[in-house]
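All remarks here apply to the structure that follows.
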Amino acid sequence: MRILLTGATGITGKHILNSLIKTKNEIITFSRNSVKQNIKNLEHRTGDLYSLNDIDLLLKDIDVVYHIPPNMHKDEVKLSSNLLRYICKYKIKHFVYHSVLHPNIKNLPHHWNKMIVEDLIIKSKINYTIIQPSSYMQNIFNDKNNITNKNTHLLPFSLNSKLCIVDLNDISEVASLVIGNKKHFFSKYELAGPEMLSGNDKAKILSKVLGKKIIARRESINELEEKLLIMNVNIDEIKTRLKMFEYYSTYGLPGNSNILKSLLQRKPKSFEQFIFDNKNKFQ
Ligand SMILES: NC(=O)c1ccc[n+]([C@@H]2O[C@H](COP(=O)([O-])OP(=O)(O)OC[C@H]3O[C@@H](n4cnc5c(N)ncnc54)[C@H](OP(=O)(O)O)[C@@H]3O)[C@@H](O)[C@H]2O)c1
């Protein structure tokens with residue numbers, strides 16, 4: 001089977017690619033920058049989801065597609081619709097869409113845009129599967145320096161808000177299980193981790209596993225905004241991030257791991273095990 005993977009140079013894409021290349025399939029990655037790996041069953045095609053011409057050329061010899069839309073992109077609906085148009089034209093056998101947990105949250109643009117795309121997919125009459133992952137455990141690596149050097153876990157929302165964070169490697173395993181498999185056609189899977197954890201809960205687990213006291217500290221929105229501006233993050237993405245943290249402060253991100261457990265046929269990874277497995281990254 002020839003699998004096209006979009007977004008393979010991103011955080012999600014790198015994990016999903018690692019899982020897909022272990023299968024016997026041929027993997028074709030697509031993004032503006034190339035994927036640097038010298039692997040037998042891997043081919044990279046450079047292109048832009050804005051370009052209908054690039055997408056038309058891309059899909060001619062593809063069997064199935066795993067689509068990871070760019071994170072918090074203002075034109076997420078346009079880019080995914082462009083792809084979907086040619087998925088229909090070339091009668092692609094299976095389209096897997098990497099969405100998000102609770103896409104129905106209207107005041108978070110990166111969730112609501114996925115709701116619109118999901119609606120287009122369902123109406124398109126193609127064989128689809130929609131994956132709805134929760135926030136990744138891997139996001140903690142963004143705070144690696146504070147945890148390692150300042151014994152502090154910094155979060156820009158309430159330290160008591162609970163999120164059902166999930167290991168991206170578990171999500172990637174599901175990606176290779178479902179792609180091209182008829183049993184999963186016309187399904188939507190909410191994929192959450194096994195526990196609801198707050199910043200304070202995570203700090204306790206970090207302390208236990210790393211063997212030193214880690215304290216959770218709330219970062220002010222102004223502090224975060226300044227940091228993102230220095231990092232040259234574009235203004236639309238900053239606004240979306242700030243809305244997301246405001247939402248998390250009020251509502252957290254609830255979810256249940258039953259679906260993930262039944263797909264994996266094992267317990268999804270706990271945060272404690274995840275930190276234990278990645279202990280060397282915090283030294
Ligand atoms: N982070 C989380 O906790 C989480 C949880 C659930 C769901 N998600 C969802 O997962 C998705 C991916 O997130 P991520 O953080 O992995 O994204 P990311 O690291 O920002 O990667 C984005 C990918 O899209 C590609 N891309 C961007 N613009 C493109 C264009 N015009 N044409 C072709 N390719 C383009 C990028 O490659 P080039 O720059 O090389 O083109 C890159 O490979 C997002 O939609 C996000 O909402 C994330």
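Numbering starts fresh at 1 for the residues of each chain in the structure tokens, the chains themselves are lettered A, B, ... in the order given, and ligands are numbered from 1 as they appear.
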Would you write out, as JSON lines, a table of all residues in range 200-261 of chain A that have an atom no more than 8 Å from an atom of range 94-117 of chain A, listing for each the closest atom pair and the distance in Å to one decimal, considering only C-alpha atoms and ordering rows by chain and rising residue number?
```
{"residue": "A:Thr240", "atom": "CA", "partner": "A:Pro109", "partner_atom": "CA", "distance": 6.6}
{"residue": "A:Lys243", "atom": "CA", "partner": "A:Leu108", "partner_atom": "CA", "distance": 6.5}
{"residue": "A:Met244", "atom": "CA", "partner": "A:Leu108", "partner_atom": "CA", "distance": 6.3}
```
Could you list, as a VMD selection string, all protein and nucleic acid residues with an atom at most 6 Å from ligand 1, counting only C-alpha atoms and all ligand atoms?
chain A and resid 7 to 13 31 to 33 48 to 50 68 to 72 99 to 100 133 to 136
Could you give me, as a list of chain:residue names, the residues within 7 Å of range 181-195 of chain A, counting only C-alpha atoms and dropping anything in the same chain fewer than 3 positions from it?
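Everything that qualifies: A:Leu101, A:Asn127, A:Tyr128, A:Thr129, A:Ile130, A:Ile131, A:Gln132, A:Pro133, A:Ser134, A:Cys164, A:Ile165, A:Val166, A:Asp167, A:Val178, A:Gly255, A:Asn256, A:Ser257, A:Ile259, A:Leu260, A:Pro268, A:Ser270.
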Interatomic distance (Å, one decimal) between CA of Leu5 in chain A and CA of Lys89 in chain A:
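Spanning CA of Leu5 in chain A to CA of Lys89 in chain A is a straight-line distance of 18.0 Å.
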Can you list, as a PyMOL selection string, every residue of range 79-220 of chain A that DSSP puts in strand (DSSP E or B)?
chain A and resi 94-98+128-133+136+152-155+163+166+187-191+197+215-218
Just write the chosen residues, C-alpha atoms, as a CSV table (one decimal), in the first residue's frame.
```
chain,number,residue,atom,x,y,z
A,94,HIS,CA,-8.9,5.7,2.7
A,95,PHE,CA,-8.5,9.1,4.2
A,96,VAL,CA,-7.4,9.5,7.9
A,97,TYR,CA,-7.7,12.9,9.3
A,98,HIS,CA,-5.6,13.9,12.4
A,128,TYR,CA,-12.6,8.1,6.2
A,129,THR,CA,-11.4,7.7,9.8
A,130,ILE,CA,-11.1,10.7,12.1
A,131,ILE,CA,-8.6,10.6,14.9
A,132,GLN,CA,-9.2,13.0,17.8
A,133,PRO,CA,-6.2,13.1,20.1
A,136,TYR,CA,0.3,15.3,24.0
A,152,THR,CA,9.9,24.4,38.2
A,153,HIS,CA,7.2,23.3,35.9
A,154,LEU,CA,5.8,26.5,34.2
A,155,LEU,CA,2.2,26.6,32.9
A,163,LEU,CA,-6.2,17.7,31.2
A,166,VAL,CA,-1.9,11.3,26.0
A,187,SER,CA,-15.2,6.1,12.6
A,188,LYS,CA,-14.3,8.9,14.9
A,189,TYR,CA,-12.0,8.0,17.7
A,190,GLU,CA,-11.6,10.3,20.8
A,191,LEU,CA,-8.1,9.4,22.0
A,197,LEU,CA,-3.8,15.6,35.5
A,215,ILE,CA,7.1,22.9,41.9
A,216,ALA,CA,4.4,23.9,39.5
A,217,ARG,CA,4.3,27.7,38.8
A,218,ARG,CA,1.7,29.7,36.9
```
If you run DSSP over the backbone, which residues in range 32-252 of chain A end up alpha helix (DSSP H)? Put them as a PyMOL selection string.
chain A and resi 52-59+76-89+109-123+144-150+168-178+199-210+221-230+235-251
How many Å separate CA of Leu58 in chain A from CA of Ser80 in chain A?
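Those two atoms sit 14.4 Å apart.
When only C-alpha atoms are used to compute distances to Phe271 in chain A, the closest of the residues A:Leu42, A:Val174, A:Ile235, A:Met137 turns out to be A:Met137.
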Distance criterion (only C-alpha atoms): nearest to Arg2 in chain A out of A:Asp56, A:Asp63, A:Asp75, A:Asp143:
A:Asp63
Selected residue of minimal separation from Ile122 in chain A among A:Val233, A:Leu84, A:Val64, A:Gln37, counting only C-alpha atoms
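Nearest to Ile122 in chain A: A:Leu84.
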